[in-house]
Amino acid sequence: MRKVLLYILVATLLIWSNNALAMQNVASPKGRVVVLDAGHGGPSRPGAAYGGKTEKELNLKVTLKVKELLNKKMPNLTVHLTRSSDVELHANKVSDNLQRPKMANEKGADLFVSIHANAAGDNVTSGAEVIVLSLDGKTQGQTQRRTTASKDNEDYIHIDNIDKTSLAYIEALSLLMNNDPINRTFGEIVGVKFKSIGRKWRGVKVYPEKVWTVLYPLRAPGVIIEMGFMTCPSELEYMASERGQLAMATAISDAIIEYFERLEQMTI
């Protein structure tokens with residue numbers, strides 16, 4: 001019983017400190033920071049590969065364009081990249097993923113955006129989506145669910161394999177209590193921007209059984225953007241084209257700008 005009370009106390013203190021941090025951020029109109037993460041990278045982490053294209057190269061090309069657009073449209077915003085070339089951040093795949101939110105935490109990010117391209121088991125599934133973290137399907141709710149294998153891989157830890165009594169889990173859950181509504185709101189903004197360029201929108205999605213390692217240790221609001229499906233020939237052609245990459249980068253950069261504009265108007 002004493003152990004349970006200790007966990008509750010720690011969680012309460014974490015929530016209080018996170019709320020205080022959020023108040024400080026909202027009250028400070030300058031010095032906003034966004035960290036852009038081009039998913040995968042390097043020789044051992046190409047991501048999906050179809051039609052002679054790799055996910056890592058599509059992710060990087062769009063991410064670099066997002067940074068360029070943000071520098072022009074919102075010059076007071078500080079933009080950091082987890083990678084600016086075809087490199088891996090760590091030889092171990094799980095550690096590579098964990099380096100990305102760690103960098104966002106160290107940079108004091110107000111927003112973390114991980115950019116990816118999707119894949120399916122057929123050539124007809126299409127559309128963009130935003131994935132947000134869920135640590136408890138009942139607590140955080142769920143919009144849609146994907147059937148997954150029960151064992152972990154380099155991109156996620158299965159929810160059943162996480163120690164729910166660990167301080168790391170309690171801290172992550174307390175952070176998510178603050179960030180979850182913001183994550184979903186930002187995801188909806190991304191959806192509006194993608195639809196404005198004529199892209200199919202699959203929605204903001206939660207996969208409760210997957211604890212995404214690129215989002216789990218993150219202190220700031222953050223999402224994964226899946227730009228489209230490389231397994232769909234028409235979407236792959238679009239994502240590989242200069243026209244498509246610029247349009248998607250414009251949509252993402254405009255969503256980030258709108259997010260920060262809304263943030264300035266928030267009151268707590």
# chains A, B, ... in the order shown; residues from 1 in each chain; ligands from 1
>>> select_by_dssp(residues="range 51-118 of chain A", states="alpha helix (DSSP H)", output="PyMOL selection string")
chain A and resi 55-73+93-106
>>> atom_distance(atom1="CA of Gly187 in chain A", atom2="CA of Ala104 in chain A")
18.4 Å
>>> closest_residue(among="A:Gly51, A:Gly121, A:Gly108, A:Gly127", to="Gly203 in chain A", atoms="only C-alpha atoms")
A:Gly127
>>> atom_distance(atom1="CA of Phe112 in chain A", atom2="CA of Ile252 in chain A")
12.1 Å
>>> closest_residue(among="A:Ile225, A:Val190, A:Val79, A:Cys232", to="Ala255 in chain A", atoms="only C-alpha atoms")
A:Val190
